[in-house]
Every structure is written in C-alpha cells, then in structure tokens.
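Encoded as structure tokens, the structure appears first; notes follow it.
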Amino acid sequence: MNIFRFTGDMTHLLSILVLLLKIYATKSCSGISLKTQELYVLVFLTRYMDLFTSFLSAYNTVMKLVFIGSSVAIVCLMRFHPLIRRSYDKDQDNFPHYLLVLGSFVLALLVHEWFSFLEVLWAFSIYLEAVTILPQLLLLQRSGNVDNLTVHYVFFLGAYRGFYILNWIYRFFSEHHYFRRITWFSGLVQTALYGDFFYYYFISWKNSEKLQLPA
C-alpha cells in the first residue's frame with residue numbers, strides 16, 4: 001500500500017458514489033451505459049475469486065466486496081427499478097460488448113503469467129477492464145451534451161486508473177523493479193482511451209462551460 005494506490009482506490013470509490021448519487025437524485029440513468037456497468041460486474045467477479053482462497057487484509061477484503069456489491073446494485077437499479085429503467089436509452093447504448101468479453105477471454109488464454117484457473121480469470125479481468133469504458137464513452141459521444149454528474153463519474157473513473165499507473169511506477173522503483181506486464185500494458189491502454197474525454201473535460205472546466213463532446 002502507498003499513497004498512489006490508496007488515492008486510486010478512493011477515487012474509484014468516489015466515481016461509484018457519484019454514479020449512485022446521480023441515479024438516486026434524478027431517478028434516471030440517462031447517459032449511463034448499462035453495458036459498461038454489466039462489464040464491470042464481470043470484471044470484479046472474475047478478479048476477486050481469491051476472496052474464497054486467500055486473505056490479505058480487512059481493507060482489501062472490504063474494498064473487493066464494495067466494488068462487487070455496488071456494481072451489482074447499479075445494474076439491478078438500471079434493469080429493474082420501475083422509474084430508473086425507463087430513462088435507459090437502449091438504442092444509443094448499442095456497442096457489441098460481447099466482442100470485448102470474447103476478445104479478452106481469448107487474450108487471457110494466450111497471454112498470462114502462469115496457467116491456472118484463477119490466473120486466467122485474473123488476466124481476463126485485467127484485459128476486460130481496459131476496454132470496459134468503451135460503451136460508456138461512445139454513449140457520451142452520441143449524447144453530445146451530458147449532465148455534470150455523469151461527466152464527473154467518468155472523470156473520476158479515469159483518474160483512478162491514472163493514480164494506479166503512478167502506483168506501479170512507485171513500486172517499480174521501491175520494490176526491486178516490480179513489473180507486471182499484463183497490468184502495465186492494460187492500464188496504459190485503458191488510460192489512453194480516456195484521452196479524448198479528458199481533453200474536452202479540461203477545456204470545459206477551463207472555460208466554465210458544460211461539457212460537450214463531438215458526435
């Protein structure tokens with residue numbers, strides 16, 4: 001644990017809280033991709049299978065349970081809440097996310113640190129998380145003008161990955177050249193996908209304007 005890892009975890013948690021605030025305050029999931037949320041459920045369930053096999057710390061266990069529980073709760077709200085589900089725009093949220101699942105699984109079978117059931121699932125979750133934001137970013141692009149809470153949710157989600165990259169750099173220099181090629185490569189890909197969003201986010205912040213993404 002270090003300050004970058006902790007800040008990344010808290011930023012990730014903050015993104016979830018902002019999303020839940022948006023859904024509960026507005027009784028709407030407009031601008032939110034259900035496909036991205038479902039992919040996050042799959043990411044967390046496959047990555048945290050070690051909850052049944054090992055214990056690292058109370059903090060580690062609690063955070064894993066929070067991420068699993070909150071992601072499942074968001075999907076349930078978007079699918080089953082009588083008011084919230086009406087605001088979901090299925091027509092615009094039409095990215096073929098099953099291709100991301102299939103591609104990540106094949107990549108995990110081919111590229112992993114060692115071959116075991118849990119290791120392949122872990123690699124799969126890392127690859128899948130790198131591209132999970134794609135349906136959300138494309139939905140925002142199609143929507144053009146989006147509300148502030150949705151914008152902040154995506155920003156904090158991207159910032160979390162940025163802090164994790166700083167965490168890996170710190171560990172590289174402090175833990176005898178710590179390096180995990182799968183997490184580094186996937187993390188850089190994931191951060192790069194946010195590049196266009198971050199650019200327009202800071203432009204809107206600088207000009208005190210509402211964020212507008214090009215269609």
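Residues are named by chain letter and number: chains run A, B, ... in the order of the structure tokens, numbers start at 1 in each chain, and ligands are numbered from 1 in the order shown.
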All residues 9 Å or closer to Gly31 in chain A, only C-alpha atoms, same chain fewer than 2 positions away omitted, as an MDAnalysis selection string: chainID A and resid 28:29 33 87:89 93 136 139:140 143 146:147 150
C-alpha atoms of the current selection, written as a PDB file, in the first residue's frame:
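Output (again.pdb):
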ATOM      1  CA  SER A  28     -32.620   8.487 -14.021  1.00  0.00           C
ATOM      2  CA  CYS A  29     -29.780   6.599 -15.654  1.00  0.00           C
ATOM      3  CA  SER A  33     -24.182   2.713 -20.329  1.00  0.00           C
ATOM      4  CA  SER A  87     -34.669   6.510 -18.721  1.00  0.00           C
ATOM      5  CA  TYR A  88     -32.191   3.987 -20.121  1.00  0.00           C
ATOM      6  CA  ASP A  89     -31.538   4.652 -23.807  1.00  0.00           C
ATOM      7  CA  ASP A  93     -26.191   2.086 -25.926  1.00  0.00           C
ATOM      8  CA  GLN A 136     -19.815   4.445 -21.952  1.00  0.00           C
ATOM      9  CA  LEU A 139     -22.717   6.679 -25.469  1.00  0.00           C
ATOM     10  CA  LEU A 140     -21.463  10.040 -24.202  1.00  0.00           C
ATOM     11  CA  SER A 143     -25.398  12.090 -26.455  1.00  0.00           C
ATOM     12  CA  VAL A 146     -24.308  15.390 -20.918  1.00  0.00           C
ATOM     13  CA  ASP A 147     -25.120  16.206 -17.288  1.00  0.00           C
ATOM     14  CA  THR A 150     -22.257  11.696 -15.455  1.00  0.00           C
TER      15      THR A 150
END
Close residues, range 57-74 of chain A itself excluded, 8 Å, only C-alpha atoms, min 4 positions apart in chain, as a PyMOL selection string: chain A and resi 13+16+20+37-38+40-41+44-45+48+51+78
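The spacing separating CA of Gly195 in chain A from CA of Met1 in chain A amounts to 27.1 Å.
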Arg5 in chain A surroundings by only C-alpha atoms, 10 Å radius, close-in-sequence under 5 positions cut, as a PDB file with N, CA and C atoms, in the first residue's frame:
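The resulting file, around.pdb, is reproduced below:
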ATOM      1  N   MET A  10      -9.618   5.313  -3.513  1.00  0.00           N
ATOM      2  CA  MET A  10     -10.617   6.279  -3.059  1.00  0.00           C
ATOM      3  C   MET A  10     -11.268   6.999  -4.246  1.00  0.00           C
ATOM      4  N   THR A  11     -10.481   7.260  -5.291  1.00  0.00           N
ATOM      5  CA  THR A  11     -11.037   7.901  -6.483  1.00  0.00           C
ATOM      6  C   THR A  11     -12.014   6.957  -7.189  1.00  0.00           C
ATOM      7  N   TYR A 160      -8.844   7.343 -11.477  1.00  0.00           N
ATOM      8  CA  TYR A 160      -8.461   6.177 -10.670  1.00  0.00           C
ATOM      9  C   TYR A 160      -7.376   5.369 -11.368  1.00  0.00           C
ATOM     10  N   ARG A 161      -7.539   5.140 -12.662  1.00  0.00           N
ATOM     11  CA  ARG A 161      -6.533   4.387 -13.391  1.00  0.00           C
ATOM     12  C   ARG A 161      -5.229   5.154 -13.483  1.00  0.00           C
ATOM     13  N   PHE A 163      -3.975   7.171 -11.197  1.00  0.00           N
ATOM     14  CA  PHE A 163      -3.284   7.010  -9.915  1.00  0.00           C
ATOM     15  C   PHE A 163      -2.678   5.613  -9.785  1.00  0.00           C
ATOM     16  N   TYR A 164      -3.335   4.619 -10.368  1.00  0.00           N
ATOM     17  CA  TYR A 164      -2.778   3.261 -10.314  1.00  0.00           C
ATOM     18  C   TYR A 164      -1.493   3.156 -11.132  1.00  0.00           C
ATOM     19  N   ILE A 165      -1.420   3.888 -12.228  1.00  0.00           N
ATOM     20  CA  ILE A 165      -0.183   3.897 -13.004  1.00  0.00           C
ATOM     21  C   ILE A 165       0.945   4.529 -12.187  1.00  0.00           C
ATOM     22  N   LEU A 166       0.637   5.601 -11.470  1.00  0.00           N
ATOM     23  CA  LEU A 166       1.632   6.197 -10.573  1.00  0.00           C
ATOM     24  C   LEU A 166       2.038   5.213  -9.486  1.00  0.00           C
ATOM     25  N   ASN A 167       1.078   4.423  -9.003  1.00  0.00           N
ATOM     26  CA  ASN A 167       1.367   3.395  -8.012  1.00  0.00           C
ATOM     27  C   ASN A 167       2.347   2.363  -8.564  1.00  0.00           C
ATOM     28  N   TRP A 168       2.129   1.934  -9.823  1.00  0.00           N
ATOM     29  CA  TRP A 168       3.034   0.954 -10.431  1.00  0.00           C
ATOM     30  C   TRP A 168       4.431   1.537 -10.615  1.00  0.00           C
ATOM     31  N   TYR A 170       5.811   3.902  -8.808  1.00  0.00           N
ATOM     32  CA  TYR A 170       6.399   3.978  -7.465  1.00  0.00           C
ATOM     33  C   TYR A 170       6.922   2.610  -7.022  1.00  0.00           C
ATOM     34  N   ARG A 171       6.132   1.583  -7.263  1.00  0.00           N
ATOM     35  CA  ARG A 171       6.539   0.234  -6.859  1.00  0.00           C
ATOM     36  C   ARG A 171       7.717  -0.270  -7.687  1.00  0.00           C
TER      37      ARG A 171
END
Length of the CA of Ile203 in chain A to CA of Glu129 in chain A vector [Å]: 26.6 Å
All alpha helix (DSSP H) positions in chain A, as a VMD selection string: chain A and resid 3 to 26 34 to 47 58 to 80 97 to 110 117 to 131 134 to 143 148 to 174 181 to 193 195 to 206
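When CA of Val120 in chain A is paired with CA of Val106 in chain A, their separation reads 9.9 Å.
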Extract, using only C-alpha atoms, all DNA, RNA and protein residues at most 9 Å from Arg180 in chain A, discarding same-chain residues fewer than 4 positions from it, and format them as a short mmCIF file (atom, residue, chain, number, x, y, z; two decimals) with N, CA and C atoms, in the first residue's frame.
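Written output follows (part-v9.cif):
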data_model
loop_
_atom_site.label_atom_id
_atom_site.label_comp_id
_atom_site.auth_asym_id
_atom_site.auth_seq_id
_atom_site.Cartn_x
_atom_site.Cartn_y
_atom_site.Cartn_z
N GLU A 113 0.46 -14.97 -16.89
CA GLU A 113 1.74 -15.14 -16.22
C GLU A 113 2.03 -16.61 -15.91
N TRP A 168 2.13 1.93 -9.82
CA TRP A 168 3.03 0.95 -10.43
C TRP A 168 4.43 1.54 -10.61
N TRP A 184 0.47 -3.43 -16.56
CA TRP A 184 1.03 -2.20 -17.12
C TRP A 184 0.48 -1.93 -18.52
N PHE A 185 0.51 -2.93 -19.37
CA PHE A 185 0.03 -2.75 -20.73
C PHE A 185 -1.46 -2.40 -20.76
#
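Remark: for Arg181 in chain A, the closest of the candidate residues A:Leu149, A:Ala123, A:Leu211, A:Leu99 is A:Ala123 (distances computed over only C-alpha atoms).
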Spatial neighbours of Phe197 in chain A, max dist 12 Å, only C-alpha atoms, sep filter under 6 positions, as a ChimeraX atom specification: /A:133-134,136-138,140-141,144,151-159,191,203-204,211-214
